[in-house]
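To start, the structure itself, in structure tokens.
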Amino acid sequence: MNPLTTTVKVKNYLTQRAIFVVLIVLIIGIAVADPGFLAFSTLRDILQQSSTRLIIALGAAFILISGGVDLSAGRVVGLTAVVSASMLQTEQYASRFFPDLPQLWVGIPIIIGILAGLLVGLINGVIVAKLHVPPFIATLGTMVGIYGVNSIYFNTEPNQSQPIAGLRDDFTMWGSGYFDLGKGYTIPYIVLIAIAVAFICWVIFNKTRLGKNMYAIGGNVQAAHVSGIKVARNLIAIYAISGALYGIAGVLESARTGGATNNYGNMYELDAIAACVVGGVSTAGGIGTVPGVMAGVLIFGVINYGLTFIGVSPYWQLIIKGLIIVAAVAFDIRKYVAKK
Amino acid sequence: MTVALEMRGISKAFPGVQALSDVSLTVRRGTVHALMGENGAGKSTLMKCLFGIYKPDEGEIHIQGVKANINNSGDAIQHGISMIHQELHPVQHRSVMENLWLGRFPLRAKLFVNHTKMLRDTVSLFEELGIDVDPKVRIGTLSVSQIQLLEISKAVSYDAKVIVMDEPTSSLTANEAEQLFTIINRLRDRGVSIIYISHKMEEILRISDDVTIMRDGCYIGTWPSSELTTDLIITKMVGRELKERFPERAHTPGEVAMKVEGLTSINPQSFRNVSFELRKGEILGLGGLVGSQRTELVEALFGLRKTAEGTITILGRKATIKSPSDAKRHNLALLTEERRVTGIFPVLSVYENTVIANLGKFQNRIGLLNERKGRLEAEQRVQQLRTKTPTVHTMIRNLSGGNQQKVLLARWLLTEPDILLLDEPTRGIDVGAKFEIYTLITNLAKAGKSILMISSEMPELLGMSDRIMVMSEGKLTGVIEGKAATEQEIMRLAANQPAAATREATE
């Protein structure tokens with residue numbers, strides 16, 4: 001092989017990490033417009049707002065890398081938010097979802113919420129892997145159906161579709177609590193939870209059989225089958241894990257906002273998919289990394305927060321987001337196409 | 001005698017191989033002209049030159065006496081040349097007539113499709129050729145032979161002067177083939193010339209007027225088929241010494257590793273009642289033509305296809321293999337024919353492609369993968385097989401075919417198999433890499449592994465195999481000792497020609 005010249009090396013390096021370059025350029029651009037942007041509080045706020053989005057995006061990444069797509073994510077977030085919140089209202093609160101429910105240990109409703117997400121994921125996985133329904137259709141079906149289930153639950157006596165509020169402090173502190181580092185520096189718990197979840201996902205992606213099988217199934221499902229990988233079993237596990245991740249996100253959303261309605265999480269799946277593809281996850285399957293997804297989520301976090309910070313109208317923000325999604329993928333694809 | 005098509009002095013070289021040297025082909029008007037030769041003789045390359053898919057380095061093409069410049073298949077159609085491909089790809093969910101006129105629908109007011117005219121044209125075309133297919137039904141409901149007839153009428157609708165048919169009967173039943181021959185005769189009467197590529201001797205002798213034979217990219221000659229016999233054709237097709245070199249080996253047959261009895265596919269068109277034994281340290285070649293169902297048999301052994309009857313015994317114990325993971329448990333490995341479709345994970349690295357079938361080996365006590373160990377193992381295999389790759393982190397799709405094949409071989413060697421099923425292990429691999437793969441296979445046999453190797457290349461079958469099994473149309477037609485085997489004998493078994501009949505023909 002010819003030794004690579006320095007310019008080619010730099011170019012390759014930047015192409016491989018274009019996503020991080022975009023992120024830095026974006027931050028610099030906003031900081032030039034308003035230097036007040038470069039403050040610790042900005043970073044903390046962006047991270048806090050991005051936390052649940054990151055967890056949902058990681059769930060979406062599991063599915064995308066395995067060669068599928070999941071439209072049910074947002075509705076699962078709504079379902080698990082309502083389910084966990086409904087069991088976590090203070091006894092003093094006037095209109096409780098379950099008026100006679102004793103004060104449960106806080107972990108129980110949290111676990112039930114996460115399990116509800118896992119169950120939906122399991123259903124998705126079985127429909128895709130065993131009934132061979134294309135993932136787009138399978139999750140479109142559960143997306144619609146789960147919203148119905150959630151709305152019926154939400155509408156039961158005596159709640160009758162009232163927003164669930166009056167949540168216990170020992171629950172909401174997971175969403176709004178923080179470590180105080182002194183001198184005004186704080187780290188929200190929710191950020192640490194998201195980082196921990198991301199680390200666990202990184203381990204699954206890179207250090208487990210399931211992770212390697214996920215890349216293989218997304219990369220070439222026929223070759224995976226011939227290689228002796230049990231495709232159906234792996235797919236069901238992948239969908240179940242991503243369902244559980246949406247469950248975690250849903251529980252955290254209700255803790256963060258101190259409430260829940262059946263419309264929580266609506267359309268979050270599209271934000272998650274957008275963050276994934278901007279972060280270099282291939283919608284054709286087989287390609288994607290956890291750091292990439294984190295960068296993708298952060299880009300949208302920076303856009304949301306930063307553009308508002310410098311006074312760009314929300315409508316213009318949408319146009320910029322749309323452009324970034326398309327441009328990021330058009331650029332990212334070159335990385336794989338150019339080498340043919 | 002009018003000449004419909006003349007290809008003069010066609011030469012074509014690819015890096016490292018002279019695919020065609022000074023080949024000529026003269027096809028008379030209104031005749032069926034058989035083009036024959038072994039796999040790799042250059043028939044397809046010659047046809048690709050005719051259709052402008054390859055540009056010949058030298059030579060000229062004349063159509064009805066006029067020099068033609070063909071750069072793509074559109075030019076070919078313009079010049080009245082059409083091809084009926086071995087594999088047909090119609091638009092499944094549309095009607096017969098829409099497929100027939102695809103891309104050139106008759107229009108009303110230059111905007112709306114004129115279905116009435118389309119139907120009328122289709123009906124008259126079908127009547128002329130004697131094809132009994134409803135123009136309005138969906139393509140999906142048609143049989144392979146009906147789709148083929150549709151392709152032929154498409155060629156006629158383009159006013160083709162020369163129609164190339166590549167193995168047209170390979171997936172047809174006897175009755176369907178008869179129907180095809182009737183239509184071929186009708187086309188011949190209309191003055192259309194047919195270039196007919198087939199391995200089936202009986203067919204060739206029955207329907208062709210002239211036969212051109214090619215060997216190793218060279219033109220051997222053209223004869224009227226009335227002067228030829230099956231044996232004469234085979235001799236002219238083969239007539240050469242083995243040029244490729246194969247690693248030396250002494251055959252030391254061990255005990256029986258795998259015994260297959262009466263294996264029959266659930267698909268009645270596929271293999272049936274196949275029985276054989278594979279010994280330890282043996283390389284068992286598996287020969288046959290397109291449609292012989294060799295690949296289907298091997299995939300069934302590996303649990304990729306279902307069987308209706310028969311047993312597989314591995315090392316004396318009956319084995320139930322219903323999936324590739326079952327097969328792996330019985331220490332089987334399969335290198336598939338379609339490397340890109342069922343072998344490689346194109347966007348994954350060489351390392352990941354190497355370890356994917358054997359991840360359990362790299363798990364620690366709590367189920368996490370020891371990546372360092374896996375990478376080390378992958379690097380060792382890269383060195384051992386002399387795979388050319390910058391690093392083990394390179395995406396496998398950036399490697400050449402031969403090196404991809406080595407990675408796949410490494411993948412299966414990691415599973416420590418006892419029995420390796422190799423389906424065309426050197427397909428699409430250049431000569432140098434071929435020898436390395438042969439050496440690897442030979443060494444595996446030396447180490448006591450059993451190898452079942454499908455190959456369509458005669459020299460490879462003869463040079464590598466201890467014994468050679470030959471299949472024809474789903475049946476095992478014979479097993480020959482490797483040393484005693486000749487190409488003629490394999491060809492005869494592959495075409496399912498009883499020895500007696502051919503002896504008669506020579507007399």
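In the structure tokens, chains take letters A, B, ... by order of appearance, with residues numbered from 1 within each chain and ligands from 1 in the order shown.
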Output as CSV one row per residue of chain B within 6 Å of chain A: the closest atom pair and its distance in Å to one decimal place, counting only C-alpha atoms, sorted by chain and residue number ascending.
residue,atom,partner,partner_atom,distance
B:Pro324,CA,A:Gly228,CA,4.6
B:Ser325,CA,A:Gly228,CA,4.2
B:Thr342,CA,A:Ala223,CA,4.1
B:Gly343,CA,A:Ala223,CA,4.9
B:Phe345,CA,A:Gly219,CA,5.3
B:Ala357,CA,A:Ser227,CA,5.1
B:Leu368,CA,A:Thr208,CA,5.1
B:Leu369,CA,A:Lys207,CA,4.8
Include N, CA, C and O atoms and write out the residues we just selected as a CSV table (one decimal), in the first residue's frame.
chain,number,residue,atom,x,y,z
B,324,PRO,N,-28.7,-24.3,10.4
B,324,PRO,CA,-27.2,-24.2,10.4
B,324,PRO,C,-26.6,-24.3,11.8
B,324,PRO,O,-25.5,-24.8,11.9
B,325,SER,N,-27.3,-23.9,12.8
B,325,SER,CA,-26.7,-24.1,14.2
B,325,SER,C,-26.7,-25.6,14.6
B,325,SER,O,-25.8,-26.0,15.2
B,342,THR,N,-24.7,-14.8,0.6
B,342,THR,CA,-24.8,-15.6,1.9
B,342,THR,C,-23.5,-15.7,2.6
B,342,THR,O,-23.5,-16.5,3.6
B,343,GLY,N,-22.5,-15.1,2.2
B,343,GLY,CA,-21.2,-15.3,2.9
B,343,GLY,C,-20.8,-14.1,3.8
B,343,GLY,O,-20.9,-14.1,5.0
B,345,PHE,N,-20.3,-10.3,5.5
B,345,PHE,CA,-21.1,-9.1,6.0
B,345,PHE,C,-20.3,-7.9,5.5
B,345,PHE,O,-19.3,-7.5,6.1
B,357,ALA,N,-19.0,-16.6,13.5
B,357,ALA,CA,-19.7,-17.9,13.6
B,357,ALA,C,-19.2,-18.6,14.9
B,357,ALA,O,-19.6,-19.7,15.2
B,368,LEU,N,-19.0,-11.6,28.6
B,368,LEU,CA,-18.5,-10.5,27.8
B,368,LEU,C,-17.4,-11.1,26.8
B,368,LEU,O,-16.7,-12.0,27.2
B,369,LEU,N,-17.3,-10.5,25.6
B,369,LEU,CA,-16.4,-10.9,24.7
B,369,LEU,C,-15.0,-10.4,25.0
B,369,LEU,O,-14.8,-9.2,25.3
Shell around stretch 70-86 of chain B at 10 Å using only C-alpha atoms, local window under 4 positions removed, as a PyMOL selection string: chain B and resi 4-5+47-55+61+63-64+148-152+154-156+158-171+192-197+290
Save out the residues we just selected, N, CA and C atoms, as a short mmCIF file (atom, residue, chain, number, x, y, z; two decimals), in the first residue's frame.
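The new file part-v1.cif reads:
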data_model
loop_
_atom_site.label_atom_id
_atom_site.label_comp_id
_atom_site.auth_asym_id
_atom_site.auth_seq_id
_atom_site.Cartn_x
_atom_site.Cartn_y
_atom_site.Cartn_z
N ALA B 4 -26.45 -14.16 -41.07
CA ALA B 4 -27.16 -13.22 -40.22
C ALA B 4 -26.19 -12.45 -39.34
N LEU B 5 -25.23 -13.18 -38.79
CA LEU B 5 -24.31 -12.56 -37.85
C LEU B 5 -22.92 -13.13 -38.05
N MET B 47 -20.62 -13.74 -25.77
CA MET B 47 -21.96 -13.17 -25.88
C MET B 47 -22.01 -11.76 -25.28
N LYS B 48 -21.24 -11.56 -24.21
CA LYS B 48 -21.21 -10.22 -23.61
C LYS B 48 -20.57 -9.22 -24.57
N CYS B 49 -19.62 -9.70 -25.38
CA CYS B 49 -19.03 -8.82 -26.39
C CYS B 49 -20.08 -8.48 -27.45
N LEU B 50 -20.90 -9.47 -27.77
CA LEU B 50 -21.94 -9.26 -28.77
C LEU B 50 -22.94 -8.20 -28.30
N PHE B 51 -23.20 -8.19 -26.98
CA PHE B 51 -24.21 -7.26 -26.45
C PHE B 51 -23.61 -5.95 -25.95
N GLY B 52 -22.33 -5.75 -26.19
CA GLY B 52 -21.72 -4.49 -25.80
C GLY B 52 -21.48 -4.35 -24.31
N ILE B 53 -21.65 -5.46 -23.55
CA ILE B 53 -21.38 -5.39 -22.11
C ILE B 53 -19.86 -5.33 -21.92
N TYR B 54 -19.12 -6.10 -22.73
CA TYR B 54 -17.66 -5.97 -22.79
C TYR B 54 -17.31 -5.39 -24.14
N LYS B 55 -16.22 -4.62 -24.15
CA LYS B 55 -15.72 -4.11 -25.42
C LYS B 55 -14.55 -5.00 -25.85
N ILE B 61 -17.75 -7.07 -35.52
CA ILE B 61 -19.06 -7.73 -35.57
C ILE B 61 -19.80 -7.23 -36.80
N ILE B 63 -23.41 -7.54 -38.91
CA ILE B 63 -24.78 -8.03 -38.87
C ILE B 63 -25.38 -7.87 -40.25
N GLN B 64 -25.78 -8.98 -40.85
CA GLN B 64 -26.28 -9.04 -42.23
C GLN B 64 -25.33 -8.30 -43.16
N GLN B 148 -40.47 -17.59 -19.95
CA GLN B 148 -39.46 -17.69 -20.98
C GLN B 148 -40.06 -17.44 -22.37
N LEU B 149 -41.24 -18.04 -22.59
CA LEU B 149 -41.93 -17.82 -23.87
C LEU B 149 -42.26 -16.35 -24.05
N LEU B 150 -42.62 -15.72 -22.94
CA LEU B 150 -42.91 -14.29 -22.99
C LEU B 150 -41.67 -13.51 -23.40
N GLU B 151 -40.51 -13.90 -22.84
CA GLU B 151 -39.25 -13.23 -23.20
C GLU B 151 -38.95 -13.42 -24.68
N ILE B 152 -39.25 -14.64 -25.16
CA ILE B 152 -38.99 -14.90 -26.58
C ILE B 152 -39.89 -14.03 -27.44
N LYS B 154 -41.08 -11.24 -26.67
CA LYS B 154 -40.57 -9.88 -26.54
C LYS B 154 -39.47 -9.66 -27.58
N ALA B 155 -38.56 -10.64 -27.67
CA ALA B 155 -37.47 -10.53 -28.64
C ALA B 155 -38.05 -10.41 -30.05
N VAL B 156 -39.07 -11.25 -30.35
CA VAL B 156 -39.67 -11.21 -31.68
C VAL B 156 -40.32 -9.85 -31.92
N TYR B 158 -39.38 -7.09 -30.94
CA TYR B 158 -38.33 -6.12 -31.28
C TYR B 158 -37.79 -6.38 -32.68
N ASP B 159 -38.41 -7.34 -33.37
CA ASP B 159 -38.00 -7.72 -34.71
C ASP B 159 -36.56 -8.26 -34.70
N ALA B 160 -36.28 -9.13 -33.73
CA ALA B 160 -34.93 -9.66 -33.60
C ALA B 160 -34.57 -10.56 -34.77
N LYS B 161 -33.34 -10.40 -35.27
CA LYS B 161 -32.84 -11.28 -36.33
C LYS B 161 -32.08 -12.44 -35.72
N VAL B 162 -31.47 -12.16 -34.55
CA VAL B 162 -30.68 -13.18 -33.86
C VAL B 162 -31.13 -13.21 -32.41
N ILE B 163 -31.51 -14.39 -31.91
CA ILE B 163 -31.91 -14.50 -30.52
C ILE B 163 -30.93 -15.46 -29.82
N VAL B 164 -30.34 -14.99 -28.73
CA VAL B 164 -29.41 -15.83 -27.98
C VAL B 164 -30.18 -16.48 -26.83
N MET B 165 -30.08 -17.79 -26.70
CA MET B 165 -30.73 -18.48 -25.58
C MET B 165 -29.66 -19.17 -24.74
N ASP B 166 -29.57 -18.77 -23.47
CA ASP B 166 -28.53 -19.30 -22.59
C ASP B 166 -29.15 -20.36 -21.68
N GLU B 167 -28.81 -21.61 -21.90
CA GLU B 167 -29.35 -22.73 -21.12
C GLU B 167 -30.87 -22.62 -20.96
N PRO B 168 -31.61 -22.54 -22.08
CA PRO B 168 -33.05 -22.26 -21.95
C PRO B 168 -33.83 -23.40 -21.30
N THR B 169 -33.32 -24.62 -21.36
CA THR B 169 -34.12 -25.73 -20.82
C THR B 169 -33.71 -26.12 -19.41
N SER B 170 -32.77 -25.34 -18.80
CA SER B 170 -32.22 -25.80 -17.52
C SER B 170 -33.28 -25.91 -16.43
N SER B 171 -34.35 -25.10 -16.50
CA SER B 171 -35.36 -25.23 -15.45
C SER B 171 -36.71 -25.63 -16.01
N VAL B 192 -35.51 -16.31 -38.46
CA VAL B 192 -34.75 -15.85 -37.29
C VAL B 192 -33.61 -16.84 -37.02
N SER B 193 -32.46 -16.34 -36.63
CA SER B 193 -31.35 -17.22 -36.24
C SER B 193 -31.29 -17.31 -34.72
N ILE B 194 -30.99 -18.51 -34.23
CA ILE B 194 -30.92 -18.72 -32.80
C ILE B 194 -29.50 -19.15 -32.42
N ILE B 195 -28.90 -18.45 -31.47
CA ILE B 195 -27.65 -18.97 -30.88
C ILE B 195 -28.04 -19.68 -29.61
N TYR B 196 -27.76 -20.98 -29.59
CA TYR B 196 -28.30 -21.83 -28.53
C TYR B 196 -27.15 -22.34 -27.67
N ILE B 197 -27.12 -21.87 -26.39
CA ILE B 197 -26.05 -22.31 -25.49
C ILE B 197 -26.63 -23.36 -24.56
N VAL B 290 -25.47 -27.06 -14.66
CA VAL B 290 -26.50 -26.17 -14.12
C VAL B 290 -27.80 -26.97 -14.00
#
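Using only C-alpha atoms, the protein and nucleic acid residues lying no more than 8 Å from stretch 19-27 of chain A, apart from those fewer than 6 places from it along its own chain, are Val278, Gly279, Gly280, Gly292, Ala295, Gly296, Leu298, Ile299, Val302, Ile303, Gly306 and Ala328 of chain A.
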DSSP alpha helix (DSSP H) residues within stretch 190-358 of chain B, listed as a PyMOL selection string: chain B and resi 201-207+230-238+294-301+324-329+350-355
Residue contacts of A:Met214 (8 Å, only C-alpha atoms) excluding same-chain residues fewer than 4 positions away, as number ranges by chain: A: 62, 65-66, 205, 210, 218, 234-235, 238, 286
Limited to all heavy atoms, could you put the picked residues into a file as an mmCIF file, in the first residue's frame?
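The resulting file, out-v2.cif, is reproduced below:
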data_model
loop_
_atom_site.group_PDB
_atom_site.id
_atom_site.type_symbol
_atom_site.label_atom_id
_atom_site.label_comp_id
_atom_site.auth_asym_id
_atom_site.auth_seq_id
_atom_site.Cartn_x
_atom_site.Cartn_y
_atom_site.Cartn_z
ATOM 1 N N PHE A 62 -30.532 0.246 18.378
ATOM 2 C CA PHE A 62 -30.561 -1.221 18.394
ATOM 3 C C PHE A 62 -31.330 -1.747 17.182
ATOM 4 O O PHE A 62 -30.869 -2.640 16.470
ATOM 5 C CB PHE A 62 -31.283 -1.722 19.658
ATOM 6 C CG PHE A 62 -30.385 -2.003 20.823
ATOM 7 C CD1 PHE A 62 -30.153 -1.037 21.792
ATOM 8 C CD2 PHE A 62 -29.785 -3.246 20.956
ATOM 9 C CE1 PHE A 62 -29.335 -1.301 22.871
ATOM 10 C CE2 PHE A 62 -28.973 -3.515 22.034
ATOM 11 C CZ PHE A 62 -28.745 -2.537 23.005
ATOM 12 N N ILE A 65 -29.689 -0.758 13.634
ATOM 13 C CA ILE A 65 -28.479 -1.516 13.312
ATOM 14 C C ILE A 65 -28.839 -2.952 12.928
ATOM 15 O O ILE A 65 -28.213 -3.552 12.068
ATOM 16 C CB ILE A 65 -27.469 -1.469 14.477
ATOM 17 C CG1 ILE A 65 -26.966 -0.038 14.657
ATOM 18 C CG2 ILE A 65 -26.282 -2.395 14.207
ATOM 19 C CD1 ILE A 65 -26.136 0.179 15.897
ATOM 20 N N SER A 66 -29.884 -3.487 13.555
ATOM 21 C CA SER A 66 -30.281 -4.856 13.203
ATOM 22 C C SER A 66 -31.040 -4.901 11.883
ATOM 23 O O SER A 66 -31.509 -5.956 11.475
ATOM 24 C CB SER A 66 -31.142 -5.462 14.311
ATOM 25 O OG SER A 66 -32.448 -4.919 14.261
ATOM 26 N N PHE A 205 -23.239 -3.472 22.635
ATOM 27 C CA PHE A 205 -22.873 -3.351 21.215
ATOM 28 C C PHE A 205 -21.526 -4.017 20.932
ATOM 29 O O PHE A 205 -21.350 -4.674 19.922
ATOM 30 C CB PHE A 205 -22.764 -1.870 20.807
ATOM 31 C CG PHE A 205 -24.075 -1.209 20.496
ATOM 32 C CD1 PHE A 205 -25.260 -1.670 21.043
ATOM 33 C CD2 PHE A 205 -24.125 -0.109 19.652
ATOM 34 C CE1 PHE A 205 -26.474 -1.052 20.768
ATOM 35 C CE2 PHE A 205 -25.335 0.512 19.367
ATOM 36 C CZ PHE A 205 -26.501 0.048 19.922
ATOM 37 N N LEU A 210 -24.651 -10.865 21.606
ATOM 38 C CA LEU A 210 -25.874 -10.246 21.083
ATOM 39 C C LEU A 210 -25.533 -9.049 20.202
ATOM 40 O O LEU A 210 -26.087 -8.875 19.119
ATOM 41 C CB LEU A 210 -26.778 -9.815 22.246
ATOM 42 C CG LEU A 210 -28.089 -9.162 21.822
ATOM 43 C CD1 LEU A 210 -29.014 -10.167 21.163
ATOM 44 C CD2 LEU A 210 -28.782 -8.504 23.006
ATOM 45 N N GLY A 218 -28.034 -7.163 10.796
ATOM 46 C CA GLY A 218 -28.294 -5.952 10.020
ATOM 47 C C GLY A 218 -27.415 -5.874 8.781
ATOM 48 O O GLY A 218 -27.804 -5.320 7.766
ATOM 49 N N ASN A 234 -32.324 -13.718 18.427
ATOM 50 C CA ASN A 234 -31.566 -12.482 18.612
ATOM 51 C C ASN A 234 -32.426 -11.252 18.345
ATOM 52 O O ASN A 234 -32.347 -10.266 19.069
ATOM 53 C CB ASN A 234 -30.341 -12.468 17.689
ATOM 54 C CG ASN A 234 -29.191 -13.259 18.269
ATOM 55 O OD1 ASN A 234 -28.495 -12.805 19.152
ATOM 56 N ND2 ASN A 234 -29.008 -14.488 17.790
ATOM 57 N N LEU A 235 -33.240 -11.318 17.290
ATOM 58 C CA LEU A 235 -34.085 -10.165 16.973
ATOM 59 C C LEU A 235 -35.064 -9.886 18.104
ATOM 60 O O LEU A 235 -35.273 -8.733 18.492
ATOM 61 C CB LEU A 235 -34.853 -10.410 15.670
ATOM 62 C CG LEU A 235 -34.120 -10.087 14.375
ATOM 63 C CD1 LEU A 235 -35.000 -10.377 13.172
ATOM 64 C CD2 LEU A 235 -33.674 -8.627 14.341
ATOM 65 N N ILE A 238 -33.328 -8.167 20.843
ATOM 66 C CA ILE A 238 -33.001 -6.782 20.481
ATOM 67 C C ILE A 238 -34.222 -5.874 20.629
ATOM 68 O O ILE A 238 -34.149 -4.791 21.215
ATOM 69 C CB ILE A 238 -32.455 -6.735 19.029
ATOM 70 C CG1 ILE A 238 -31.038 -7.332 18.985
ATOM 71 C CG2 ILE A 238 -32.461 -5.313 18.481
ATOM 72 C CD1 ILE A 238 -30.572 -7.700 17.595
ATOM 73 N N GLY A 286 -26.545 -2.623 10.072
ATOM 74 C CA GLY A 286 -25.157 -3.072 10.148
ATOM 75 C C GLY A 286 -24.153 -2.021 10.582
ATOM 76 O O GLY A 286 -23.014 -2.348 10.882
#
Strand (DSSP E or B) positions in stretch 24-202 of chain B, given as a ChimeraX atom specification: /B:24-28,32-36,58-63,66-68,81-84,95,107-108,112-113,138,162-166,193-197
Separation of atom CA of B:Thr313 from atom CA of B:Thr252 in Å: 21.3 Å
Residues within 9 Å of A:Ala73, only C-alpha atoms, excluding chain neighbours under 6 positions, as a PyMOL selection string: chain A and resi 56+59-60+139+143+242-243+246+265-270+272
Atom CA of B:Gly281 to atom CA of B:Leu444, distance in Å rounded to a single decimal: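 Going from atom CA of B:Gly281 over to atom CA of B:Leu444 covers 7.7 Å.
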Residues within 9 Å of B:Val298, only C-alpha atoms, excluding chain neighbours under 6 positions, as a VMD selection string: chain B and resid 304 to 305 334 421 to 423 452 454
Using only C-alpha atoms, which protein or nucleic acid residues come within 8 Å of stretch 407-409 of chain B? Drop anything in the same chain fewer than 4 positions from it, and give the result as a short mmCIF file (atom, residue, chain, number, x, y, z; two decimals) with C-alpha atoms, in the first residue's frame.
data_model
loop_
_atom_site.label_atom_id
_atom_site.label_comp_id
_atom_site.auth_asym_id
_atom_site.auth_seq_id
_atom_site.Cartn_x
_atom_site.Cartn_y
_atom_site.Cartn_z
CA LEU B 335 -18.69 -22.22 2.33
CA GLY B 343 -21.24 -15.25 2.94
CA ILE B 344 -19.76 -11.90 3.80
CA VAL B 350 -12.34 -8.61 8.58
CA ASN B 353 -16.34 -11.45 9.70
CA THR B 354 -13.81 -13.95 11.01
CA VAL B 382 -4.91 -13.62 8.25
CA THR B 387 -5.01 -12.93 3.39
CA ASN B 403 -9.19 -12.59 0.02
CA LEU B 413 -11.85 -23.04 10.39
#
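Atom CA of A:Leu122 sits 16.7 Å away from atom CA of A:Gly67.
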Shortest interatomic distance to A:Gly117 - which of A:Ala81, A:Ile195, A:Leu101, A:Val10, counting only C-alpha atoms: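 Closest residue, counting only C-alpha atoms: A:Ala81.
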